[in-house]
$ cat entry.cif   # mmCIF, C-alpha atoms
data_my_file
loop_
_atom_site.label_atom_id
_atom_site.label_comp_id
_atom_site.auth_asym_id
_atom_site.auth_seq_id
_atom_site.Cartn_x
_atom_site.Cartn_y
_atom_site.Cartn_z
CA MET B 1 0.00 0.00 0.00
CA LEU B 2 2.87 2.38 0.76
CA ILE B 3 4.35 1.97 -2.72
CA ARG B 4 0.98 2.79 -4.29
CA LYS B 5 0.75 5.98 -2.23
CA GLN B 6 4.27 6.97 -3.21
CA ILE B 7 3.55 6.38 -6.90
CA MET B 8 0.44 8.56 -6.62
CA ARG B 9 2.41 11.27 -4.81
CA ALA B 10 5.11 11.26 -7.49
CA TRP B 11 2.45 11.33 -10.23
CA ASN B 12 0.52 14.16 -8.54
CA ASN B 13 3.73 16.20 -8.17
CA MET B 14 4.41 15.86 -11.88
CA VAL B 15 0.84 16.76 -12.88
CA ASP B 16 0.70 19.72 -10.48
CA ASN B 17 3.93 21.15 -11.91
CA ALA B 18 2.71 20.75 -15.49
CA LEU B 19 -0.64 22.38 -14.72
CA GLU B 20 1.08 25.29 -12.99
CA TYR B 21 3.31 26.12 -15.96
CA THR B 22 1.29 25.20 -19.03
CA ASP B 23 -0.64 27.52 -21.30
CA LYS B 24 -4.07 27.22 -19.67
CA ASN B 25 -5.83 27.19 -23.06
CA ARG B 26 -3.80 24.21 -24.27
CA GLY B 27 -3.62 22.05 -21.15
CA ILE B 28 -1.15 19.19 -20.82
CA ARG B 29 -0.44 15.93 -22.63
CA VAL B 30 -0.27 12.64 -20.74
CA ILE B 31 1.35 9.65 -22.43
CA PHE B 32 1.76 6.10 -21.11
CA ARG B 33 3.87 3.52 -22.87
CA GLU B 34 6.02 0.46 -22.31
CA CYS B 35 9.71 0.70 -23.15
CA GLU B 36 12.85 -1.33 -22.86
CA LYS B 37 16.14 0.29 -21.90
CA GLN B 38 19.35 -1.64 -21.27
CA ASN B 39 17.49 -4.97 -21.17
CA THR B 40 15.05 -3.72 -18.53
CA GLN B 41 11.30 -3.31 -19.10
CA TYR B 42 9.66 -0.06 -17.95
CA LEU B 43 6.24 1.53 -17.83
CA VAL B 44 6.77 5.19 -18.72
CA ALA B 45 4.36 7.90 -17.63
CA LYS B 46 5.17 11.14 -19.47
CA ILE B 47 3.64 14.57 -18.88
CA VAL B 48 4.22 17.34 -21.38
CA ASP B 49 3.09 20.94 -20.95
CA TYR B 50 2.79 23.93 -23.27
CA GLY B 51 4.66 26.38 -21.05
CA LYS B 52 8.04 28.03 -21.52
CA GLY B 53 9.97 24.84 -20.76
CA PHE B 54 12.87 24.37 -18.38
CA SER B 55 15.71 26.89 -18.28
CA ASN B 56 19.25 25.49 -18.35
CA ALA B 57 19.48 25.92 -14.57
CA GLU B 58 16.16 24.15 -14.08
CA LEU B 59 17.27 21.23 -16.23
CA LYS B 60 20.32 20.93 -13.99
CA TYR B 61 18.71 21.48 -10.57
CA ALA B 62 14.95 20.75 -10.87
CA THR B 63 15.21 17.44 -9.04
CA GLN B 64 17.17 18.86 -6.10
CA GLU B 65 15.27 19.43 -2.85
CA PHE B 66 14.08 23.01 -2.29
CA TYR B 67 14.99 24.20 -5.80
CA CYS B 68 12.16 26.49 -6.92
CA GLY B 69 13.37 27.79 -10.26
CA ASP B 70 12.79 31.49 -10.83
CA MET B 71 13.46 32.98 -7.41
CA SER B 72 11.74 36.25 -8.36
CA ARG B 73 8.33 34.55 -8.09
CA HIS B 74 7.23 35.01 -4.51
CA ASP B 75 3.67 33.76 -5.01
CA ARG B 76 4.77 30.14 -5.43
CA LYS B 77 2.72 27.73 -3.34
CA HIS B 78 5.29 24.96 -3.10
CA GLN B 79 8.71 24.51 -1.61
CA GLY B 80 10.65 22.88 -4.42
CA LEU B 81 10.13 19.31 -3.29
CA GLY B 82 7.83 17.80 -5.94
CA LEU B 83 10.31 16.54 -8.52
CA ALA B 84 12.90 15.72 -5.83
CA ILE B 85 10.38 13.46 -4.07
CA ALA B 86 9.34 11.84 -7.34
CA LYS B 87 12.97 11.21 -8.31
CA ARG B 88 13.96 9.76 -4.93
CA PHE B 89 10.99 7.41 -4.80
CA ILE B 90 11.26 6.12 -8.35
CA GLU B 91 15.00 5.50 -7.98
CA GLU B 92 14.30 3.47 -4.82
CA GLN B 93 12.06 1.27 -6.99
CA GLY B 94 14.73 0.75 -9.68
CA GLY B 95 13.42 3.38 -12.08
CA PHE B 96 14.39 6.92 -12.93
CA LEU B 97 13.01 10.36 -13.68
CA GLU B 98 13.80 12.11 -16.95
CA ILE B 99 13.30 15.85 -17.48
CA ARG B 100 13.78 17.77 -20.70
CA ASN B 101 12.10 20.28 -22.98
CA SER B 102 9.68 18.93 -25.55
CA ASP B 103 10.71 19.31 -29.18
CA LYS B 104 7.03 19.29 -30.12
CA THR B 105 5.41 21.68 -27.59
CA LYS B 106 8.55 23.59 -26.47
CA GLY B 107 7.24 23.14 -22.91
CA ALA B 108 8.54 20.94 -20.11
CA GLU B 109 8.50 17.17 -20.43
CA VAL B 110 8.83 14.92 -17.38
CA SER B 111 8.91 11.13 -17.66
CA LEU B 112 8.60 8.71 -14.77
CA TRP B 113 10.27 5.40 -15.74
CA MET B 114 8.89 2.65 -13.50
CA ARG B 115 10.59 -0.72 -13.68
CA LYS B 116 8.20 -3.54 -14.55
CA ILE B 117 8.32 -6.53 -12.27
#
$ encode --input "entry.cif" --output "structure tokens"
Amino acid sequence: MLIRKQIMRAWNNMVDNALEYTDKNRGIRVIFRECEKQNTQYLVAKIVDYGKGFSNAELKYATQEFYCGDMSRHDRKHQGLGLAIAKRFIEEQGGFLEIRNSDKTKGAEVSLWMRKI
């Protein structure tokens, strides 16, 4: 039961971030697929938004605890823990978190790679 709660927390953190930064008229894209990487099977849950994407600093530090990106935004409602929590949990389960900017939407793209058992 604990693993299920942690998966939901990681998923909710990813969705919340995407919804916060996306163009509200365009929403977000959610993609699920199965992939193999280095002879390991994964279920991949990808969220893509239509926002401005990650800056170079955000690509480097977004998964570090308490990193909040643009420090000039004082109205932020979170403490920079969402992606750090998602990353830590998924790595404990043998998976990994991938962040990048989408070639298609130019927004942020976050993929949760969960190892299949």
$ axis_aligned_box --input "entry.cif" --around "stretch 11-24 of chain B" --padding-each-side "3 Å" --output "lines of an AutoDock Vina configuration file"
center_x = 0.2
center_y = 19.4
center_z = -14.7
size_x = 14.5
size_y = 22.2
size_z = 19.1
$ resolve_selection --input "entry.cif" --expression "the PyMOL selection byres ((chain B and resi 107-110) around 9)" --output "PyMOL selection string"
chain B and resi 14+18+21-22+45-54+97-106+111-112
$ write_last_selection --input "entry.cif" --atoms "C-alpha atoms" --output "compact mmCIF listing (two decimals), keeping the file's coordinate frame"
# COMPACT_ATOMS: atom_id res chain seq x y z
CA MET B 14 4.41 15.86 -11.88
CA ALA B 18 2.71 20.75 -15.49
CA TYR B 21 3.31 26.12 -15.96
CA THR B 22 1.29 25.20 -19.03
CA ALA B 45 4.36 7.90 -17.63
CA LYS B 46 5.17 11.14 -19.47
CA ILE B 47 3.64 14.57 -18.88
CA VAL B 48 4.22 17.34 -21.38
CA ASP B 49 3.09 20.94 -20.95
CA TYR B 50 2.79 23.93 -23.27
CA GLY B 51 4.66 26.38 -21.05
CA LYS B 52 8.04 28.03 -21.52
CA GLY B 53 9.97 24.84 -20.76
CA PHE B 54 12.87 24.37 -18.38
CA LEU B 97 13.01 10.36 -13.68
CA GLU B 98 13.80 12.11 -16.95
CA ILE B 99 13.30 15.85 -17.48
CA ARG B 100 13.78 17.77 -20.70
CA ASN B 101 12.10 20.28 -22.98
CA SER B 102 9.68 18.93 -25.55
CA ASP B 103 10.71 19.31 -29.18
CA LYS B 104 7.03 19.29 -30.12
CA THR B 105 5.41 21.68 -27.59
CA LYS B 106 8.55 23.59 -26.47
CA SER B 111 8.91 11.13 -17.66
CA LEU B 112 8.60 8.71 -14.77
$ atom_distance --input "entry.cif" --atom1 "atom CA of B:Leu43" --atom2 "atom CA of B:Gly95"
9.4 Å
$ resolve_selection --input "entry.cif" --expression "the PyMOL selection byres ((chain B and resi 7) around 12)" --output "mmCIF file with C-alpha atoms, in the frame of the given file"
data_model
loop_
_atom_site.group_PDB
_atom_site.id
_atom_site.type_symbol
_atom_site.label_atom_id
_atom_site.label_comp_id
_atom_site.auth_asym_id
_atom_site.auth_seq_id
_atom_site.Cartn_x
_atom_site.Cartn_y
_atom_site.Cartn_z
ATOM 1 C CA MET B 1 0.000 0.000 0.000
ATOM 2 C CA LEU B 2 2.870 2.380 0.760
ATOM 3 C CA ILE B 3 4.350 1.970 -2.720
ATOM 4 C CA ARG B 4 0.980 2.790 -4.290
ATOM 5 C CA LYS B 5 0.750 5.980 -2.230
ATOM 6 C CA GLN B 6 4.270 6.970 -3.210
ATOM 7 C CA MET B 8 0.440 8.560 -6.620
ATOM 8 C CA ARG B 9 2.410 11.270 -4.810
ATOM 9 C CA ALA B 10 5.110 11.260 -7.490
ATOM 10 C CA TRP B 11 2.450 11.330 -10.230
ATOM 11 C CA ASN B 12 0.520 14.160 -8.540
ATOM 12 C CA ASN B 13 3.730 16.200 -8.170
ATOM 13 C CA MET B 14 4.410 15.860 -11.880
ATOM 14 C CA ALA B 45 4.360 7.900 -17.630
ATOM 15 C CA ILE B 85 10.380 13.460 -4.070
ATOM 16 C CA ALA B 86 9.340 11.840 -7.340
ATOM 17 C CA LYS B 87 12.970 11.210 -8.310
ATOM 18 C CA ARG B 88 13.960 9.760 -4.930
ATOM 19 C CA PHE B 89 10.990 7.410 -4.800
ATOM 20 C CA ILE B 90 11.260 6.120 -8.350
ATOM 21 C CA GLU B 91 15.000 5.500 -7.980
ATOM 22 C CA GLU B 92 14.300 3.470 -4.820
ATOM 23 C CA GLN B 93 12.060 1.270 -6.990
ATOM 24 C CA GLY B 95 13.420 3.380 -12.080
ATOM 25 C CA LEU B 112 8.600 8.710 -14.770
ATOM 26 C CA TRP B 113 10.270 5.400 -15.740
ATOM 27 C CA MET B 114 8.890 2.650 -13.500
#
$ closest_residue --input "entry.cif" --among "B:Lys116, B:Lys60, B:Gly82, B:Asp16" --to "B:Glu36" --atoms "only C-alpha atoms"
B:Lys116
$ closest_residue --input "entry.cif" --among "B:Arg115, B:Ala62, B:Ala84, B:Arg26" --to "B:Asn39" --atoms "only C-alpha atoms"
B:Arg115
$ build_atoms --input "entry.cif" --residues "stretch 5-28 of chain B" --atoms "N, CA and C atoms" --output "short mmCIF file (atom, residue, chain, number, x, y, z; two decimals), in the coordinates of the input"
data_model
loop_
_atom_site.label_atom_id
_atom_site.label_comp_id
_atom_site.auth_asym_id
_atom_site.auth_seq_id
_atom_site.Cartn_x
_atom_site.Cartn_y
_atom_site.Cartn_z
N LYS B 5 0.86 4.59 -2.66
CA LYS B 5 0.75 5.98 -2.23
C LYS B 5 1.92 6.82 -2.75
N GLN B 6 3.10 6.24 -2.73
CA GLN B 6 4.27 6.97 -3.21
C GLN B 6 4.20 7.20 -4.73
N ILE B 7 3.72 6.20 -5.46
CA ILE B 7 3.55 6.38 -6.90
C ILE B 7 2.55 7.50 -7.16
N MET B 8 1.45 7.51 -6.44
CA MET B 8 0.44 8.56 -6.62
C MET B 8 1.00 9.93 -6.24
N ARG B 9 1.81 9.99 -5.20
CA ARG B 9 2.41 11.27 -4.81
C ARG B 9 3.35 11.77 -5.90
N ALA B 10 4.19 10.88 -6.42
CA ALA B 10 5.11 11.26 -7.49
C ALA B 10 4.32 11.74 -8.71
N TRP B 11 3.28 10.97 -9.08
CA TRP B 11 2.45 11.33 -10.23
C TRP B 11 1.79 12.68 -10.01
N ASN B 12 1.19 12.88 -8.83
CA ASN B 12 0.52 14.16 -8.54
C ASN B 12 1.50 15.33 -8.58
N ASN B 13 2.72 15.13 -8.11
CA ASN B 13 3.73 16.20 -8.17
C ASN B 13 4.02 16.58 -9.61
N MET B 14 4.14 15.59 -10.47
CA MET B 14 4.41 15.86 -11.88
C MET B 14 3.24 16.60 -12.54
N VAL B 15 2.03 16.13 -12.29
CA VAL B 15 0.84 16.76 -12.88
C VAL B 15 0.68 18.19 -12.37
N ASP B 16 0.83 18.38 -11.06
CA ASP B 16 0.70 19.72 -10.48
C ASP B 16 1.68 20.70 -11.11
N ASN B 17 2.93 20.28 -11.29
CA ASN B 17 3.93 21.15 -11.91
C ASN B 17 3.53 21.51 -13.34
N ALA B 18 3.10 20.50 -14.10
CA ALA B 18 2.71 20.75 -15.49
C ALA B 18 1.53 21.71 -15.56
N LEU B 19 0.54 21.51 -14.72
CA LEU B 19 -0.64 22.38 -14.72
C LEU B 19 -0.30 23.81 -14.31
N GLU B 20 0.68 23.96 -13.43
CA GLU B 20 1.08 25.29 -12.99
C GLU B 20 1.74 26.08 -14.12
N TYR B 21 2.51 25.41 -14.96
CA TYR B 21 3.31 26.12 -15.96
C TYR B 21 2.75 26.12 -17.37
N THR B 22 1.77 25.30 -17.66
CA THR B 22 1.29 25.20 -19.03
C THR B 22 0.46 26.40 -19.46
N ASP B 23 0.31 26.56 -20.74
CA ASP B 23 -0.64 27.52 -21.30
C ASP B 23 -2.02 26.97 -20.96
N LYS B 24 -2.79 27.71 -20.18
CA LYS B 24 -4.07 27.22 -19.67
C LYS B 24 -5.06 26.87 -20.78
N ASN B 25 -4.94 27.49 -21.94
CA ASN B 25 -5.83 27.19 -23.06
C ASN B 25 -5.47 25.89 -23.77
N ARG B 26 -4.25 25.42 -23.58
CA ARG B 26 -3.80 24.21 -24.27
C ARG B 26 -3.73 22.98 -23.38
N GLY B 27 -3.65 23.18 -22.08
CA GLY B 27 -3.62 22.05 -21.15
C GLY B 27 -2.29 21.32 -21.12
N ILE B 28 -2.34 20.03 -20.86
CA ILE B 28 -1.15 19.19 -20.82
C ILE B 28 -1.41 17.92 -21.62
#
